[in-house]
Amino acid sequence: MEYSSTRDQNLKASAARAILTGLAPDGGLFVPNSFPSLDFERLQGKPYTQVAFSILRLFLPDYDEDFLKKAIESSYGDNFGGKAGELAKLTDDLYSLELWHGPTSAFKDYALQLMPKLLVEARGMLGEKGETIILVATSGDTGSAALAGYSGREKVKIAVFYPDSGTSLLQQLQMTTQTGGNVAVYSVRGNFDDAQRGVKRAFTNRELAQKLAEKDAKLSSANSINWGRLVPQIVYYATSYLKLCQAGRLSYGQPLDFCVPTGNFGDIMAGWYAKQMGLPIGRLICASNKNNVLAEFLETGRYNANRDFFKTSSPSMDILVSSNLERLLYHAGGSDAKVKDWMGQLAGQGGYTVDTGVLEAIRGTFAAGWADETEVFAEIQCIHREHGYLCDPHTAVAFKVAGALKQQAPVVVLSTASPYKFSREVLGALGQPAPENEFDALRALEAFSGVKAPENLSSLADKPVRFTDIIDAESIETIPLEL
Ligand SMILES: *Cc1c(COP(=O)(O)O)cnc(C)c1O
């Protein structure tokens with residue numbers, strides 16, 4: 001199994017190299033050169049960790065199998081409270097794949113519990129001796145999940161930068177109370193773009209790279225374009241399908257649709273890889289919020305990032321340039337040269353149009369829709385009224401779109417965040433008073449639903465805050481040398 005860049009087929013890497021490097025040297029993304037096929041049917045009834053191992057060993061053949069087994073056990077066992085791949089039934093035709101039972105109550109834990117272990121192992125496999133410094137600009141979920149995943153890893157340090165005017169109080173406390181000697185967290189004056197620009201400047205600063213090299217250190221990213229973040233997400237598509245077979249809802253081979261609340265296109269892309277491996281997925285339904293650039297692209301073949309940016313109640317989907325789509329364009333029949341051209345147009349003019357053949361290939365599997373804010377809040381209420389089920393605004397986007405595009409096959413909606421992470425919004429949608437203070441809101445939602453919030457969220461109020469530094473975006477470049 002080899003990987004190559006979406007922008008140059010001849011730029012090749014092993015799985016370990018792809019994970020250690022992140023982005024390919026030409027700016028493309030690493031993609032597998034072939035799709036291993038797997039007899040999923042024989043995995044029915046097996047635990048999450050075993051399904052994970054069967055899938056991951058095929059994509060990561062250069063990794064030692066004992067290492068993989070242990071890494072998988074320690075990533076998806078106790079820290080998911082035994083609920084990795086939890087599937088809740090709303091009706092015979094509608095299911096919620098609860099991806100928020102991990103340490104930070106958002107689906108990014110699936111990738112970021114395992115990927116740091118893959119990266120540390122890759123360093124050893126490739127003889128990397130120095131230190132790896134991970135820099136992350138975050139608007140919320142990525143920062144806390146990355147900190148939780150990298151805390152305590154050897155020879156790796158991580159610094160997270162969040163906008164002082166951006167994240168929710170819960171998200172901020174998830175970061176600033178993080179334990180571990182190798183982590184650091186900074187509040188950056190400005191918005192997410194300021195923090196992101198500062199981090200990008202650090203990555204392109206040659207003088208900084210030189211000084212770090214003298215200290216035998218290198219910068220790296222925990223961004224979702226890394227193959228190591230995508231590959232763990234294939235697993236829960238398979239376990240969902242197999243659970244519905246076991247429950248007698250599907251006989252193996254019948255199609256199952258998945259509806260995915262989408263931002264950077266990483267989560268839904270993992271479903272596409274599952275399908276290429278032979279999992280009988282019917283449609284992959286891409287659900288966008290009011291920033292509907294992806295839904296529009298999947299309808300028309302025109303990607304147009306020149307549009308207004310909306311801040312919505314589903315902030316992790318507030319994205320105009322959706323990086324992982326590049327992988328799909330490549331696989332769907334755009335050559336490396338075409339992908340390079342389209343990405344050049346995107347960087348230069350803010351958009352591109354793919355050929356009809358490529359669009360048709362994509363539309364063979366993908367459907368798409370979007371929901372505006374009014375629809376999202378109405379959907380939270382509707383899902384609760386009809387099924388007694390609470391969902392957060394990201395998940396509600398997907399429920400809304402799943403309902404609108406429903407066909408014959410049953411649908412699994414990927415539920416990407418715990419409703420308690422967005423208690424105020426959920427209470428508001430349910431017509432309940434929503435206290436200003438987020439912990440009061442969390443307790444009010446607990447009282448309303450009769451279900452306890454995840455311990456990692458409710459306990460935040462009592463944890464000591466370790467990081468209080470507020471810096472200018474310009475200072476981000478100086479941080480790696482101080483770590
Ligand atoms: C990151 C995130 C998403 C979007 O996932 P992508 O892989 O970027 O498409 C959706 N919901 C939540 C809660 C997230 O944190």
# chains A, B, ... in the order shown; residues from 1 in each chain; ligands from 1

call {"tool": "residues_near_ligand", "arguments": {"ligand": "ligand 1", "cutoff": "9 Å", "atoms": "only C-alpha atoms and all ligand atoms", "output": "ChimeraX atom specification"}}
result
/A:100,105-108,140-142,224,230,260-270,286,314-319,322-324,392-395,414-418

call {"tool": "select_by_dssp", "arguments": {"residues": "segment 25-229 of chain A", "states": "alpha helix (DSSP H)", "output": "MDAnalysis selection string"}}
result
chainID A and resid 48:59 65:76 108:125 141:150 169:176 192:204 206:214 227:229

call {"tool": "atom_distance", "arguments": {"atom1": "atom CA of Asn79 of chain A", "atom2": "atom CA of Tyr420 of chain A"}}
result
17.9 Å

call {"tool": "atom_distance", "arguments": {"atom1": "atom CA of Leu87 of chain A", "atom2": "atom CA of Tyr241 of chain A"}}
result
10.0 Å

call {"tool": "closest_residue", "arguments": {"among": "A:Ala111, A:Tyr162, A:Gln172, A:Leu212", "to": "Asn191 of chain A", "atoms": "only C-alpha atoms"}}
result
A:Tyr162

call {"tool": "closest_residue", "arguments": {"among": "A:Arg327, A:Lys129, A:Arg283, A:Lys338", "to": "Pro410 of chain A", "atoms": "only C-alpha atoms"}}
result
A:Arg283

call {"tool": "select_by_dssp", "arguments": {"residues": "segment 77-272 of chain A", "states": "strand (DSSP E)", "output": "MDAnalysis selection string"}}
result
chainID A and resid 87:91 94:98 131:137 156:163 183:188 217:221 256:261

call {"tool": "write_last_selection", "arguments": {"atoms": "C-alpha atoms", "output": "CSV table (one decimal), in the first residue's frame"}}
result
chain,number,residue,atom,x,y,z
A,87,LEU,CA,-25.8,3.6,17.5
A,88,ALA,CA,-29.1,4.9,18.7
A,89,LYS,CA,-32.3,3.9,17.0
A,90,LEU,CA,-34.9,6.6,16.4
A,91,THR,CA,-37.1,4.6,14.1
A,94,LEU,CA,-33.5,6.4,11.1
A,95,TYR,CA,-30.4,6.0,13.4
A,96,SER,CA,-28.0,8.3,15.2
A,97,LEU,CA,-24.4,7.3,15.2
A,98,GLU,CA,-23.3,9.0,18.5
A,131,GLU,CA,11.4,16.8,18.7
A,132,THR,CA,8.1,17.3,16.8
A,133,ILE,CA,6.2,20.5,17.7
A,134,ILE,CA,2.6,20.5,16.7
A,135,LEU,CA,0.9,23.9,16.1
A,136,VAL,CA,-2.8,24.1,16.0
A,137,ALA,CA,-5.1,27.1,15.3
A,156,VAL,CA,6.1,15.7,20.9
A,157,LYS,CA,5.0,19.1,22.1
A,158,ILE,CA,1.8,20.8,21.2
A,159,ALA,CA,0.7,24.5,21.2
A,160,VAL,CA,-2.9,25.4,20.6
A,161,PHE,CA,-4.0,28.9,19.6
A,162,TYR,CA,-7.6,30.0,19.9
A,163,PRO,CA,-9.2,33.4,19.2
A,183,VAL,CA,1.0,21.0,26.1
A,184,ALA,CA,0.6,24.8,25.9
A,185,VAL,CA,-2.5,26.9,25.1
A,186,TYR,CA,-2.7,30.6,24.1
A,187,SER,CA,-5.6,32.9,23.6
A,188,VAL,CA,-4.9,35.1,20.5
A,217,ALA,CA,13.1,20.2,16.4
A,218,LYS,CA,10.6,20.4,13.6
A,219,LEU,CA,7.1,21.8,13.2
A,220,SER,CA,4.1,19.7,12.3
A,221,SER,CA,0.3,20.1,12.1
A,256,LEU,CA,-27.5,1.8,3.9
A,257,ASP,CA,-27.4,5.6,3.5
A,258,PHE,CA,-25.3,7.8,5.7
A,259,CYS,CA,-26.0,11.5,6.3
A,260,VAL,CA,-22.9,13.5,7.5
A,261,PRO,CA,-22.8,17.1,8.8

call {"tool": "atom_distance", "arguments": {"atom1": "atom CA of Asp216 of chain A", "atom2": "atom CA of Lys155 of chain A"}}
result
10.9 Å

call {"tool": "closest_residue", "arguments": {"among": "A:Lys243, A:Lys117, A:His331, A:Arg385", "to": "Gly149 of chain A", "atoms": "only C-alpha atoms"}}
result
A:Lys117

call {"tool": "closest_residue", "arguments": {"among": "A:Val51, A:Met125, A:Ser139, A:Ser151", "to": "Asp194 of chain A", "atoms": "only C-alpha atoms"}}
result
A:Ser139

call {"tool": "closest_residue", "arguments": {"among": "A:Ala429, A:Ala146, A:Ile225, A:Ala402", "to": "Gly27 of chain A", "atoms": "only C-alpha atoms"}}
result
A:Ile225

call {"tool": "closest_residue", "arguments": {"among": "A:Asp372, A:Glu482, A:Asp62, A:Glu446", "to": "Pro419 of chain A", "atoms": "only C-alpha atoms"}}
result
A:Glu446

call {"tool": "residues_around", "arguments": {"residues": "segment 35-46 of chain A", "least_positions_apart": "2", "cutoff": "9 Å", "atoms": "only C-alpha atoms", "output": "ChimeraX atom specification"}}
result
/A:1,32-33,48-51,54-55,58-59,238-239,242-243,245-246,252-253,273,276-279

call {"tool": "residues_around", "arguments": {"residues": "Lys400 of chain A", "least_positions_apart": "2", "cutoff": "9 Å", "atoms": "only C-alpha atoms", "output": "list in words"}}
result
Ala287, Gly369, Trp370, Ala371, Glu375, Val376, Glu379, Ile380, Thr395, Ala396, Val397, Ala398, Ala402, Gly403, Ala404 and Leu405 of chain A

call {"tool": "closest_atom_pairs", "arguments": {"of": "segment 92-129 of chain A", "to": "segment 3-15 of chain A", "cutoff": "12 Å", "atoms": "only C-alpha atoms", "output": "tab-separated table"}}
result
residue	atom	partner	partner_atom	distance
A:Leu118	CA	A:Ala15	CA	9.7
A:Leu119	CA	A:Ala15	CA	10.3
A:Glu121	CA	A:Ala15	CA	11.3
A:Ala122	CA	A:Ala15	CA	8.6
A:Arg123	CA	A:Ala15	CA	11.9
A:Met125	CA	A:Ala15	CA	10.8
A:Leu126	CA	A:Ser14	CA	10.2

call {"tool": "write_last_selection", "arguments": {"atoms": "C-alpha atoms", "output": "PDB file, in the first residue's frame"}}
result
ATOM      1  CA  LEU A 118       0.528   6.715  14.802  1.00  0.00           C
ATOM      2  CA  LEU A 119       2.683   9.821  14.498  1.00  0.00           C
ATOM      3  CA  GLU A 121       5.389   5.435  15.972  1.00  0.00           C
ATOM      4  CA  ALA A 122       6.098   6.840  12.497  1.00  0.00           C
ATOM      5  CA  ARG A 123       8.907   8.949  13.983  1.00  0.00           C
ATOM      6  CA  MET A 125       9.969   3.826  12.085  1.00  0.00           C
ATOM      7  CA  LEU A 126      11.562   6.594  10.007  1.00  0.00           C
TER       8      LEU A 126
END

call {"tool": "decode", "arguments": {"residues": "segment 282-338 of chain A", "atoms": "C-alpha atoms", "output": "compact mmCIF listing (two decimals), in the first residue's frame"}}
result
# COMPACT_ATOMS: atom_id res chain seq x y z
CA GLY A 282 -25.93 3.28 -0.67
CA ARG A 283 -25.66 7.07 -0.68
CA LEU A 284 -23.40 9.40 1.24
CA ILE A 285 -25.44 12.51 1.94
CA CYS A 286 -23.44 15.67 2.53
CA ALA A 287 -25.23 18.05 4.90
CA SER A 288 -24.09 21.70 4.97
CA ASN A 289 -25.25 24.58 7.12
CA LYS A 290 -25.90 28.05 5.70
CA ASN A 291 -22.29 28.05 4.43
CA ASN A 292 -23.52 25.77 1.66
CA VAL A 293 -20.55 25.81 -0.69
CA LEU A 294 -20.28 21.98 -0.69
CA ALA A 295 -23.97 21.31 -1.21
CA GLU A 296 -23.89 23.71 -4.16
CA PHE A 297 -20.78 22.05 -5.60
CA LEU A 298 -22.28 18.57 -5.40
CA GLU A 299 -25.36 19.89 -7.25
CA THR A 300 -23.64 21.93 -9.95
CA GLY A 301 -19.99 20.93 -10.27
CA ARG A 302 -18.97 24.55 -9.61
CA TYR A 303 -17.00 25.21 -6.39
CA ASN A 304 -17.35 28.86 -5.52
CA ALA A 305 -15.70 30.15 -2.34
CA ASN A 306 -16.40 33.78 -3.30
CA ARG A 307 -19.39 34.25 -1.07
CA ASP A 308 -20.42 35.67 2.28
CA PHE A 309 -19.23 33.80 5.34
CA PHE A 310 -21.90 33.13 7.99
CA LYS A 311 -21.27 32.45 11.66
CA THR A 312 -23.81 29.79 12.59
CA SER A 313 -24.84 27.66 15.56
CA SER A 314 -22.78 24.81 14.02
CA PRO A 315 -19.37 26.56 14.03
CA SER A 316 -17.36 23.47 13.12
CA MET A 317 -19.09 23.50 9.73
CA ASP A 318 -18.49 27.20 9.09
CA ILE A 319 -15.98 26.60 6.31
CA LEU A 320 -15.65 27.98 2.80
CA VAL A 321 -12.57 26.09 1.64
CA SER A 322 -13.15 22.43 2.33
CA SER A 323 -9.75 20.76 2.09
CA ASN A 324 -10.56 17.06 1.93
CA LEU A 325 -12.74 17.45 -1.17
CA GLU A 326 -9.45 17.40 -3.08
CA ARG A 327 -9.16 13.67 -2.31
CA LEU A 328 -12.56 12.94 -3.84
CA LEU A 329 -11.80 14.99 -6.97
CA TYR A 330 -8.66 12.96 -7.52
CA HIS A 331 -10.31 9.57 -7.03
CA ALA A 332 -13.41 10.47 -9.05
CA GLY A 333 -11.41 10.74 -12.20
CA GLY A 334 -9.72 14.09 -12.08
CA SER A 335 -6.07 13.40 -12.91
CA ASP A 336 -3.30 14.80 -10.73
CA ALA A 337 -2.77 17.51 -13.36
CA LYS A 338 -6.44 18.49 -13.27
